[in-house]
>>> print(open('start.txt').read())   # compact mmCIF, C-alpha atoms and all ligand atoms
# COMPACT_ATOMS: atom_id res chain seq x y z
CA MET N 297 19.89 48.22 -5.80
CA ASN N 298 22.11 47.44 -2.86
CA TYR N 299 23.08 44.03 -1.58
CA TYR N 300 20.41 43.88 1.16
CA GLN N 301 17.62 44.80 -1.23
CA HIS N 302 18.84 42.08 -3.55
CA PHE N 303 18.93 39.63 -0.74
CA SER N 304 15.44 40.34 0.55
CA ILE N 305 13.92 40.17 -2.93
CA LEU N 306 15.66 36.88 -3.55
CA LEU N 307 14.50 35.55 -0.20
CA ILE N 308 10.91 36.52 -0.99
CA ALA N 309 11.25 34.93 -4.43
CA PHE N 310 12.63 31.77 -2.89
CA VAL N 311 9.87 31.45 -0.28
CA ALA N 312 7.23 32.28 -2.90
CA SER N 313 8.59 29.64 -5.22
CA ILE N 314 8.29 27.03 -2.49
CA PHE N 315 4.59 27.89 -2.35
CA VAL N 316 4.25 27.71 -6.10
CA PHE N 317 6.14 24.48 -6.54
CA GLY N 318 5.15 23.05 -3.18
CA ASN N 319 8.42 21.17 -3.12
CA ILE N 320 11.77 22.41 -1.98
CA ASP N 321 13.56 19.93 -4.21
CA GLN N 322 12.07 21.42 -7.34
CA VAL N 323 13.08 24.86 -6.14
CA PHE N 324 16.62 23.73 -5.55
CA ASP N 325 16.88 22.00 -8.88
CA SER N 326 15.51 24.90 -10.83
CA VAL N 327 17.63 27.30 -8.83
CA PHE N 328 20.84 25.48 -9.46
CA ALA N 329 20.14 24.35 -12.94
CA GLN N 330 18.86 27.65 -14.21
CA SER N 331 19.13 30.23 -11.51
CA GLN N 332 18.17 33.82 -11.97
CA GLY N 333 16.41 36.68 -10.31
CA ASP N 334 14.00 39.06 -12.05
CA ASN N 335 16.79 41.46 -12.86
CA GLY N 336 18.93 38.80 -14.48
CA ASP N 337 21.20 38.31 -11.48
CA SER N 338 21.87 34.83 -10.29
CA ILE N 339 19.95 33.84 -7.15
CA TYR N 340 23.16 32.16 -6.03
CA PRO N 341 25.88 34.70 -6.62
CA TYR N 342 28.54 32.02 -6.77
CA PRO N 343 29.24 29.34 -9.35
CA VAL N 344 28.25 25.75 -8.70
CA LEU N 345 30.59 22.79 -8.98
CA HIS N 346 28.85 19.71 -10.36
CA LYS N 347 30.41 16.39 -9.40
CA ILE N 348 29.00 13.84 -11.79
CA GLU N 349 29.65 10.11 -12.03
CA MET N 350 28.65 8.25 -15.17
CA SER N 351 29.28 4.78 -16.51
CA VAL N 352 28.93 3.03 -19.85
CA HIS N 353 26.79 -0.08 -20.17
CA LYS N 354 25.98 -2.44 -22.98
CA ILE N 355 22.30 -2.32 -23.92
CA GLU N 356 21.14 -5.78 -24.94
CA LYS N 357 18.86 -5.54 -27.94
CA SER N 358 15.77 -7.72 -27.71
CA ASN N 359 15.75 -8.33 -31.46
CA GLY N 360 19.46 -8.86 -32.13
CA GLY N 361 21.54 -6.71 -34.45
CA GLY N 362 24.68 -4.72 -33.58
CA ASP N 363 25.42 -3.94 -29.97
CA LEU N 364 24.28 -0.66 -28.48
CA TYR N 365 25.79 1.14 -25.52
CA GLY N 366 24.43 3.83 -23.25
CA TYR N 367 25.73 6.28 -20.68
CA GLN N 368 24.23 5.90 -17.21
CA LEU N 369 24.06 8.63 -14.56
CA ASP N 370 25.29 7.20 -11.25
CA ARG N 371 25.60 10.37 -9.14
CA HIS N 372 25.15 14.12 -9.51
CA LEU N 373 26.14 16.25 -6.52
CA LEU N 374 26.19 20.06 -6.32
CA PHE N 375 28.72 22.10 -4.37
CA ASN N 376 29.44 25.79 -3.90
CA ALA N 377 32.49 26.09 -6.15
CA ASN N 378 34.02 28.78 -3.90
CA THR N 379 33.60 27.27 -0.45
CA GLY N 380 33.23 23.58 -1.27
CA GLU N 381 30.00 23.50 0.73
CA PHE N 382 27.69 20.63 -0.25
CA LEU N 383 24.44 21.93 -1.71
CA ASN N 384 22.34 19.14 -3.12
CA ASN N 385 22.17 15.62 -4.50
CA ILE N 386 20.04 15.44 -7.66
CA THR N 387 20.90 11.86 -8.63
CA LYS N 388 17.33 10.68 -8.23
CA LYS N 389 16.12 13.14 -10.86
CA TYR N 390 17.70 11.00 -13.58
CA SER N 391 16.44 7.86 -15.28
CA SER N 392 17.91 4.70 -13.82
CA GLY N 393 20.00 2.47 -16.05
CA PRO N 394 21.73 3.35 -19.32
CA THR N 395 19.75 5.44 -21.79
CA ILE N 396 20.00 6.67 -25.38
CA PRO N 397 20.53 9.59 -25.50
CA GLY N 398 22.57 9.63 -22.30
CA PRO N 399 21.70 11.76 -19.26
CA SER N 400 20.78 15.39 -20.04
CA ILE N 401 23.13 17.55 -18.01
CA LEU N 402 21.85 21.02 -17.20
CA ILE N 403 24.21 23.66 -15.80
CA GLU N 404 24.62 27.43 -15.88
CA GLU N 405 27.25 29.72 -17.35
CA GLY N 406 29.93 30.12 -14.66
CA ASP N 407 29.55 26.58 -13.29
CA SER N 408 32.20 23.91 -13.47
CA VAL N 409 31.91 20.15 -13.84
CA GLU N 410 34.06 17.33 -12.60
CA ILE N 411 32.89 14.24 -14.42
CA THR N 412 34.09 10.72 -13.69
CA LEU N 413 33.46 8.05 -16.29
CA THR N 414 33.68 4.34 -15.50
CA ASN N 415 33.66 1.40 -17.89
CA PRO N 416 32.50 -1.53 -15.75
CA LYS N 417 34.37 -4.74 -16.42
CA GLU N 418 31.43 -7.12 -16.92
CA THR N 419 28.59 -4.87 -18.14
CA GLY N 420 30.49 -2.12 -19.98
CA ALA N 421 31.97 -1.79 -23.45
CA PRO N 422 34.65 -4.15 -24.78
CA GLY N 423 37.04 -1.35 -25.74
CA MET N 424 38.03 2.10 -24.55
CA VAL N 425 35.18 4.60 -24.02
CA SER N 426 35.28 8.32 -23.29
CA ILE N 427 33.31 11.55 -23.11
CA HIS N 428 34.21 14.22 -25.64
CA VAL N 429 32.15 17.38 -25.19
CA HIS N 430 31.52 20.45 -27.32
CA GLY N 431 30.96 24.09 -26.32
CA ILE N 432 32.29 24.12 -22.77
CA HIS N 433 35.91 24.96 -21.86
CA TYR N 434 38.49 22.34 -20.86
CA SER N 435 42.20 21.64 -21.13
CA ILE N 436 43.57 19.18 -23.66
CA ALA N 437 43.78 16.60 -20.84
CA SER N 438 39.97 16.54 -20.72
CA ASP N 439 39.43 16.23 -24.48
CA GLY N 440 38.26 12.61 -24.30
CA THR N 441 39.91 11.66 -27.59
CA LEU N 442 42.72 9.27 -28.57
CA GLY N 443 46.38 10.25 -28.22
CA ILE N 444 46.78 10.23 -31.99
CA LEU N 445 44.36 13.17 -32.05
CA ASN N 446 45.18 15.11 -28.87
CA ASP N 447 48.96 14.50 -28.84
CA LEU N 448 48.86 13.77 -25.11
CA ARG N 449 47.40 10.35 -24.31
CA ASP N 450 44.38 8.13 -24.88
CA GLU N 451 41.75 9.86 -22.74
CA GLY N 452 39.28 7.04 -22.34
CA VAL N 453 38.68 4.08 -20.08
CA LYS N 454 39.25 0.41 -20.78
CA PRO N 455 37.04 -2.16 -19.01
CA GLY N 456 37.48 -1.88 -15.26
CA GLN N 457 38.90 1.67 -15.32
CA SER N 458 37.72 5.21 -14.48
CA ILE N 459 38.78 8.63 -15.78
CA LYS N 460 38.05 12.16 -14.59
CA TYR N 461 37.38 15.14 -16.87
CA HIS N 462 37.16 18.81 -15.86
CA TRP N 463 34.94 21.30 -17.68
CA THR N 464 34.34 25.02 -17.06
CA ALA N 465 31.33 26.88 -18.42
CA GLY N 466 33.08 30.22 -18.98
CA PRO N 467 31.29 33.36 -20.19
CA GLY N 468 29.88 32.88 -23.68
CA THR N 469 29.46 29.11 -23.45
CA ALA N 470 25.68 29.21 -23.04
CA GLY N 471 23.98 26.87 -25.46
CA THR N 472 22.98 23.29 -26.19
CA TRP N 473 25.95 21.05 -26.77
CA PRO N 474 26.53 17.38 -27.51
CA TYR N 475 28.79 15.04 -25.62
CA HIS N 476 29.75 11.68 -27.05
CA ASP N 477 32.24 8.86 -27.04
CA HIS N 478 35.42 9.47 -29.02
CA THR N 479 37.54 6.38 -28.36
CA LEU N 480 35.45 3.24 -28.77
CA GLY N 481 35.29 3.41 -32.54
CA LEU N 482 33.27 1.19 -34.81
CA ASP N 483 35.87 -1.57 -35.29
CA LEU N 484 35.45 -3.12 -31.88
CA GLY N 485 37.19 -6.30 -32.92
CA HIS N 486 39.63 -6.83 -30.09
CA SER N 487 38.70 -6.39 -26.50
CA ASN N 488 40.69 -3.87 -24.46
CA SER N 489 41.89 -1.96 -27.51
CA PRO N 490 40.28 1.16 -28.87
CA GLY N 491 38.64 1.13 -32.27
CA THR N 492 40.09 3.51 -34.82
CA ASN N 493 37.12 4.31 -37.04
CA MET N 494 35.48 7.30 -35.34
CA ASN N 495 33.20 8.29 -38.23
CA GLY N 496 29.74 8.28 -36.69
CA ALA N 497 30.94 6.05 -33.86
CA GLU N 498 28.62 7.82 -31.46
CA THR N 499 25.65 6.29 -33.30
CA ILE N 500 26.12 3.08 -31.33
CA GLY N 501 24.36 4.98 -28.53
CA LEU N 502 27.06 6.90 -26.69
CA PHE N 503 25.82 10.47 -26.98
CA GLY N 504 23.97 12.92 -24.78
CA THR N 505 23.24 16.60 -24.22
CA LEU N 506 24.82 19.32 -22.13
CA VAL N 507 22.69 22.44 -21.73
CA ILE N 508 24.43 25.55 -20.45
CA ASP N 509 21.86 28.17 -19.52
CA SER N 510 22.74 31.81 -19.92
CA ALA N 511 23.79 33.54 -16.70
CA SER N 512 21.15 36.15 -17.56
CA GLY N 513 18.45 33.54 -16.98
CA LYS N 514 16.68 34.65 -20.14
CA THR N 515 15.89 33.19 -23.49
CA VAL N 516 13.52 34.17 -26.29
CA GLY N 517 10.53 32.36 -27.68
CA LEU N 518 7.53 32.86 -29.89
CA ILE N 519 4.49 33.57 -27.71
CA ASP N 520 1.18 34.62 -29.32
CA GLU N 521 3.07 34.98 -32.61
CA LYS N 522 5.39 37.57 -31.09
CA PRO N 523 9.10 37.20 -30.27
CA THR N 524 9.11 37.37 -26.48
CA LYS N 525 11.77 37.48 -23.81
CA ILE N 526 11.26 34.53 -21.46
CA ASP N 527 12.59 33.70 -18.01
CA ILE N 528 14.14 30.26 -18.40
CA ALA N 529 12.61 29.43 -15.01
CA ASP N 530 9.13 29.76 -16.58
CA ILE N 531 9.75 26.89 -19.00
CA SER N 532 7.79 23.78 -17.98
CA LYS N 533 9.51 21.14 -20.04
CA GLU N 534 12.73 20.60 -21.94
CA VAL N 535 12.73 18.01 -24.71
CA LEU N 536 16.18 17.05 -25.97
CA CYS N 537 16.26 15.03 -29.18
CA TYR N 538 19.09 13.69 -31.26
CA VAL N 539 18.08 13.52 -34.87
CA THR N 540 19.87 10.51 -36.33
CA ASP N 541 19.67 9.19 -39.87
CA ASP N 542 16.51 7.24 -39.09
CA ALA N 543 14.93 8.33 -35.79
CA PHE N 544 14.53 10.98 -33.12
CA TRP N 545 16.10 9.81 -29.85
CA CYS N 546 14.77 11.92 -27.00
CA ASP N 547 15.06 12.69 -23.31
CA GLN N 548 12.98 15.13 -21.30
CA ILE N 549 13.25 17.26 -18.18
CA ASP N 550 9.86 17.97 -16.62
CA TYR N 551 9.84 20.93 -14.22
CA ARG N 552 6.20 20.25 -13.39
CA ASN N 553 7.34 16.91 -12.01
CA ASN N 554 10.26 17.76 -9.78
CA ALA N 555 12.64 18.30 -12.73
CA MET N 556 12.64 14.57 -13.37
CA ARG N 557 14.41 13.29 -16.46
CA THR N 558 12.57 10.64 -18.45
CA ALA N 559 14.19 8.62 -21.21
CA LEU N 560 11.80 8.91 -24.17
CA TRP N 561 13.82 6.70 -26.56
CA GLU N 562 12.76 6.58 -30.25
CA ASN N 563 10.13 8.88 -31.79
CA PRO N 564 8.16 9.36 -28.55
CA THR N 565 4.85 11.08 -28.01
CA ILE N 566 5.83 14.42 -26.51
CA GLY N 567 3.18 15.65 -24.08
CA LEU N 568 2.67 19.15 -22.72
CA LYS N 569 0.02 20.90 -20.66
CA ASP N 570 -2.05 23.42 -22.56
CA GLY N 571 -0.46 26.87 -22.36
CA ASP N 572 2.86 25.67 -20.95
CA LEU N 573 6.22 26.67 -22.37
CA ILE N 574 8.40 23.97 -23.88
CA ARG N 575 11.97 24.26 -25.09
CA PHE N 576 13.04 21.91 -27.87
CA HIS N 577 16.73 21.07 -28.22
CA LEU N 578 17.41 19.24 -31.48
CA TYR N 579 20.82 17.93 -32.42
CA GLY N 580 21.71 16.49 -35.82
CA MET N 581 23.99 13.49 -35.89
CA GLY N 582 24.95 10.73 -38.28
CA THR N 583 25.41 11.78 -41.90
CA ASP N 584 22.03 13.03 -43.20
CA PHE N 585 20.48 16.45 -43.51
CA HIS N 586 17.03 16.95 -42.00
CA ILE N 587 14.18 19.37 -42.46
CA PHE N 588 12.39 19.63 -39.15
CA GLU N 589 8.74 20.58 -38.96
CA LEU N 590 6.23 20.79 -36.14
CA THR N 591 2.81 20.94 -37.78
CA GLY N 592 0.68 23.95 -36.87
CA TYR N 593 3.53 25.69 -35.03
CA GLN N 594 5.93 28.48 -35.80
CA TRP N 595 8.98 29.47 -33.82
CA LEU N 596 11.97 31.78 -33.89
CA GLU N 597 15.08 31.19 -35.93
CA PRO N 598 17.72 31.22 -33.17
CA GLY N 599 19.56 34.52 -32.81
CA THR N 600 17.03 36.37 -34.97
CA THR N 601 13.44 37.59 -34.86
CA ASN N 602 12.58 35.62 -38.00
CA ILE N 603 9.53 33.42 -37.62
CA ILE N 604 9.95 30.00 -39.21
CA SER N 605 7.94 26.80 -39.50
CA LYS N 606 10.65 24.55 -40.94
CA LYS N 607 14.34 24.22 -40.24
CA LYS N 608 17.04 22.45 -42.22
CA PHE N 609 20.08 21.21 -40.34
CA GLY N 610 22.79 18.62 -40.73
CA PRO N 611 25.16 16.51 -38.63
CA LEU N 612 26.50 18.29 -35.52
CA GLU N 613 24.20 21.26 -36.01
CA ASN N 614 21.70 22.09 -33.34
CA HIS N 615 18.38 23.86 -33.34
CA VAL N 616 16.86 25.18 -30.12
CA PHE N 617 13.58 27.01 -29.77
CA THR N 618 10.87 27.74 -27.19
CA ILE N 619 7.15 27.74 -27.89
CA GLN N 620 3.87 27.73 -26.01
CA GLY N 621 1.72 24.61 -26.33
CA LYS N 622 -1.79 24.96 -27.69
CA ASP N 623 -4.46 22.36 -27.14
CA GLY N 624 -4.46 19.63 -29.79
CA ILE N 625 -2.30 17.02 -31.48
CA ALA N 626 0.52 18.10 -33.76
CA GLU N 627 3.21 16.07 -35.47
CA TYR N 628 6.94 16.63 -35.29
CA ARG N 629 8.81 15.17 -38.21
CA ASP N 630 11.79 15.21 -40.49
CA ILE N 631 10.18 16.03 -43.83
CA LEU N 632 12.97 14.25 -45.70
CA ASN N 633 12.50 10.98 -43.80
CA SER N 634 8.98 11.05 -42.38
CA ILE N 635 7.80 8.34 -44.79
CA SER N 636 10.33 6.01 -43.21
CA GLY N 637 8.94 6.89 -39.79
CA MET N 638 10.97 9.85 -38.55
CA LYS N 639 8.06 11.45 -36.79
CA GLY N 640 6.01 11.47 -33.62
CA GLU N 641 3.14 13.21 -31.89
CA PHE N 642 3.29 16.46 -29.98
CA ARG N 643 0.20 16.20 -27.79
CA VAL N 644 -0.99 19.23 -25.84
CA ASP N 645 -3.83 18.64 -23.41
CA SER N 646 -4.79 19.02 -19.74
CA VAL N 647 -2.53 16.13 -18.68
CA GLY N 648 0.70 16.86 -20.54
CA GLU N 649 2.21 13.43 -20.26
CA SER N 650 4.86 12.17 -22.66
CA ILE N 651 4.86 8.53 -23.77
CA PRO N 652 8.26 6.95 -24.42
CA GLY N 653 8.77 5.41 -27.86
CA LYS N 654 10.23 2.03 -28.63
CA SER N 655 13.57 1.26 -27.08
CA PRO N 656 16.19 -1.38 -27.91
CA ILE N 657 15.20 -3.22 -24.76
CA ASN N 658 11.49 -3.66 -25.50
CU CU N 701 31.87 15.78 -31.30
>>> encode(input="start.txt", output="C-alpha cells")
Amino acid sequence: MNYYQHFSILLIAFVASIFVFGNIDQVFDSVFAQSQGDNGDSIYPYPVLHKIEMSVHKIEKSNGGGDLYGYQLDRHLLFNANTGEFLNNITKKYSSGPTIPGPSILIEEGDSVEITLTNPKETGAPGMVSIHVHGIHYSIASDGTLGILNDLRDEGVKPGQSIKYHWTAGPGTAGTWPYHDHTLGLDLGHSNSPGTNMNGAETIGLFGTLVIDSASGKTVGLIDEKPTKIDIADISKEVLCYVTDDAFWCDQIDYRNNAMRTALWENPTIGLKDGDLIRFHLYGMGTDFHIFELTGYQWLEPGTTNIISKKKFGPLENHVFTIQGKDGIAEYRDILNSISGMKGEFRVDSVGESIPGKSPIN
C-alpha cells in the first residue's frame, strides 16, 4: 500500500471513530495512547512526547496509623516528538488529588516521556521522594535512586524542590511496568534527609503503573474460549491493580467514558458492560506470593496459548491478561489471603460501573 492509500484509510478510520465514540477527545486519547491502524501501522507515524508533571502529597488517614503518601497528576500534555507541535492536553482525564496507586500512565512503544516531579513544601513528604521506573529506557541520571546506588547523585526531591526525568519507550519495551519512590525510605525520622531503608518502601503509597502498548497495536486475549488476536483499541476498560500483602489497590481507565481514570482504591467492585473486553494489569508488591483467581473465568498465560484459571506470582512480578465480560457477578481474589479480605467483585451487567473500595481518606 502506498502512502496516499494509507492516509485515506486512516482518515476514514478517524472520521468513523468520531461517529462511533461521538467525542473527539476520546478519539484523540485512544489514538495517542494506543494508536494503530488495521494493518498494525501507527495512525500517527511519528512518536509522541509526553510532558507530565506529578507531585507527591501526604494522604491523611482518617483512622490514624502510619502516614501514607500518593502521587498526583498535575499535567499531561502531548507533543509531536519530531516537530514539537502541541497535540493535546489530557490532564482532565486523571483523578484529581493524590491516589494510591498513583496515576496510570499509558504510552506507546516509540514515545518518550519528560516527567517532572515536585515535592510541595507544606503538603508533600518530609524527606526526599523520587520516581524509579522499570521497563522503559533512561540514562543513569533518570534512575530516581540515591547516589549510593547510582554512583551519580541523589535523584529525588526534598520538600520545595522539583526534578525532571527522561524516559524513552524504545522497541521491545512494550509491557506493564511499575514506577515507585526509591529515595524516601521507611526511616523518615529527620525531615529533609532521605531514609535509607528501601525494602518495601513503596508500600507507603508511592507506586503506580506505566503501560507501554505495542507499536503493533495488538494484544491477545481469550475470547469464546479461544486465544484471539485483539486490537488494543477494542478494549473497553483497563483495570490496573497492585497486589500488596493485604489488599488489591486499583485504578481504572474507562474508554467508554472518555478514557477517564478513576481511583478505585482498596478491593473495589470492578464493573464492566456485558460483552466488553477488559484488560487486567496485576502487579505484585510487598513480600508475599499470591495466587490470583477470577471465579468462572479463564484467560491466557501471557506469551503462550495456555489457558489458565489461576496464576501464582510474587513481588515485582506482573500478570496481564484480556478477557471478555459475561453477564453475572464473579469474584477476584488472592486464594492465599482471601480469608483476610483480599478479594472483590467483578460485576458484569448492562451498566458496567465500577465502585471504588475503601480509601485511607474515608
Ligand atoms: Cu522497582
>>> closest_residue(input="start.txt", among="N:Cys546, N:Met581, N:Ala421, N:Ile432", to="Ile566 (chain N)", atoms="all atoms listed in the file")
N:Cys546
>>> closest_residue(input="start.txt", among="N:His428, N:Lys454, N:Arg629, N:Lys514", to="ligand CU 701 (chain N)", atoms="only C-alpha atoms and all ligand atoms")
N:His428
>>> residues_near_point(input="start.txt", point="(-1.0, 19.0, -25.3)", cutoff="12 Å", atoms="all atoms listed in the file", output="PyMOL selection string")
chain N and resi 533+565-574+620-627+641-650
>>> residues_near_ligand(input="start.txt", ligand="ligand CU 701 (chain N)", cutoff="7 Å", atoms="all atoms listed in the file", output="list of chain:residue names")
N:His428, N:Val429, N:His430, N:Pro474, N:Tyr475, N:His476
>>> residues_near_point(input="start.txt", point="(26.3, 31.4, -13.6)", cutoff="6 Å", atoms="only C-alpha atoms", output="VMD selection string")
chain N and resid 343 404 to 407 511
>>> residues_around(input="start.txt", residues="region 412-417 of chain N", least_positions_apart="3", cutoff="10 Å", atoms="all atoms listed in the file", output="PyMOL selection string")
chain N and resi 347-354+367-371+409+420-427+452-462
>>> atom_distance(input="start.txt", atom1="CA of Ile396 (chain N)", atom2="CA of Gly366 (chain N)")
5.7 Å
>>> build_atoms(input="start.txt", residues="region 419-431 of chain N", atoms="N, CA and C atoms", output="PDB file, in the frame of the given file")
ATOM      1  N   THR N 419      29.793  -5.364 -17.459  1.00  0.00           N
ATOM      2  CA  THR N 419      28.590  -4.870 -18.140  1.00  0.00           C
ATOM      3  C   THR N 419      28.883  -3.713 -19.095  1.00  0.00           C
ATOM      4  N   GLY N 420      30.152  -3.288 -19.175  1.00  0.00           N
ATOM      5  CA  GLY N 420      30.490  -2.120 -19.980  1.00  0.00           C
ATOM      6  C   GLY N 420      30.775  -2.449 -21.432  1.00  0.00           C
ATOM      7  N   ALA N 421      31.613  -1.610 -22.038  1.00  0.00           N
ATOM      8  CA  ALA N 421      31.970  -1.790 -23.450  1.00  0.00           C
ATOM      9  C   ALA N 421      33.279  -2.565 -23.545  1.00  0.00           C
ATOM     10  N   PRO N 422      33.470  -3.306 -24.646  1.00  0.00           N
ATOM     11  CA  PRO N 422      34.650  -4.150 -24.780  1.00  0.00           C
ATOM     12  C   PRO N 422      35.945  -3.360 -24.993  1.00  0.00           C
ATOM     13  N   GLY N 423      35.835  -2.147 -25.479  1.00  0.00           N
ATOM     14  CA  GLY N 423      37.040  -1.350 -25.740  1.00  0.00           C
ATOM     15  C   GLY N 423      37.045  -0.103 -24.899  1.00  0.00           C
ATOM     16  N   MET N 424      37.894   0.863 -25.318  1.00  0.00           N
ATOM     17  CA  MET N 424      38.030   2.100 -24.550  1.00  0.00           C
ATOM     18  C   MET N 424      36.884   3.053 -24.873  1.00  0.00           C
ATOM     19  N   VAL N 425      36.253   3.613 -23.818  1.00  0.00           N
ATOM     20  CA  VAL N 425      35.180   4.600 -24.020  1.00  0.00           C
ATOM     21  C   VAL N 425      35.569   5.914 -23.357  1.00  0.00           C
ATOM     22  N   SER N 426      34.921   6.998 -23.802  1.00  0.00           N
ATOM     23  CA  SER N 426      35.280   8.320 -23.290  1.00  0.00           C
ATOM     24  C   SER N 426      34.082   9.256 -23.365  1.00  0.00           C
ATOM     25  N   ILE N 427      34.283  10.469 -22.882  1.00  0.00           N
ATOM     26  CA  ILE N 427      33.310  11.550 -23.110  1.00  0.00           C
ATOM     27  C   ILE N 427      34.068  12.720 -23.725  1.00  0.00           C
ATOM     28  N   HIS N 428      33.681  13.049 -24.946  1.00  0.00           N
ATOM     29  CA  HIS N 428      34.210  14.220 -25.640  1.00  0.00           C
ATOM     30  C   HIS N 428      33.038  15.205 -25.724  1.00  0.00           C
ATOM     31  N   VAL N 429      33.258  16.426 -25.249  1.00  0.00           N
ATOM     32  CA  VAL N 429      32.150  17.380 -25.190  1.00  0.00           C
ATOM     33  C   VAL N 429      32.433  18.582 -26.069  1.00  0.00           C
ATOM     34  N   HIS N 430      31.390  19.220 -26.536  1.00  0.00           N
ATOM     35  CA  HIS N 430      31.520  20.450 -27.320  1.00  0.00           C
ATOM     36  C   HIS N 430      31.073  21.648 -26.478  1.00  0.00           C
ATOM     37  N   GLY N 431      31.526  22.838 -26.851  1.00  0.00           N
ATOM     38  CA  GLY N 431      30.960  24.090 -26.320  1.00  0.00           C
ATOM     39  C   GLY N 431      31.535  24.595 -25.025  1.00  0.00           C
TER      40      GLY N 431
END
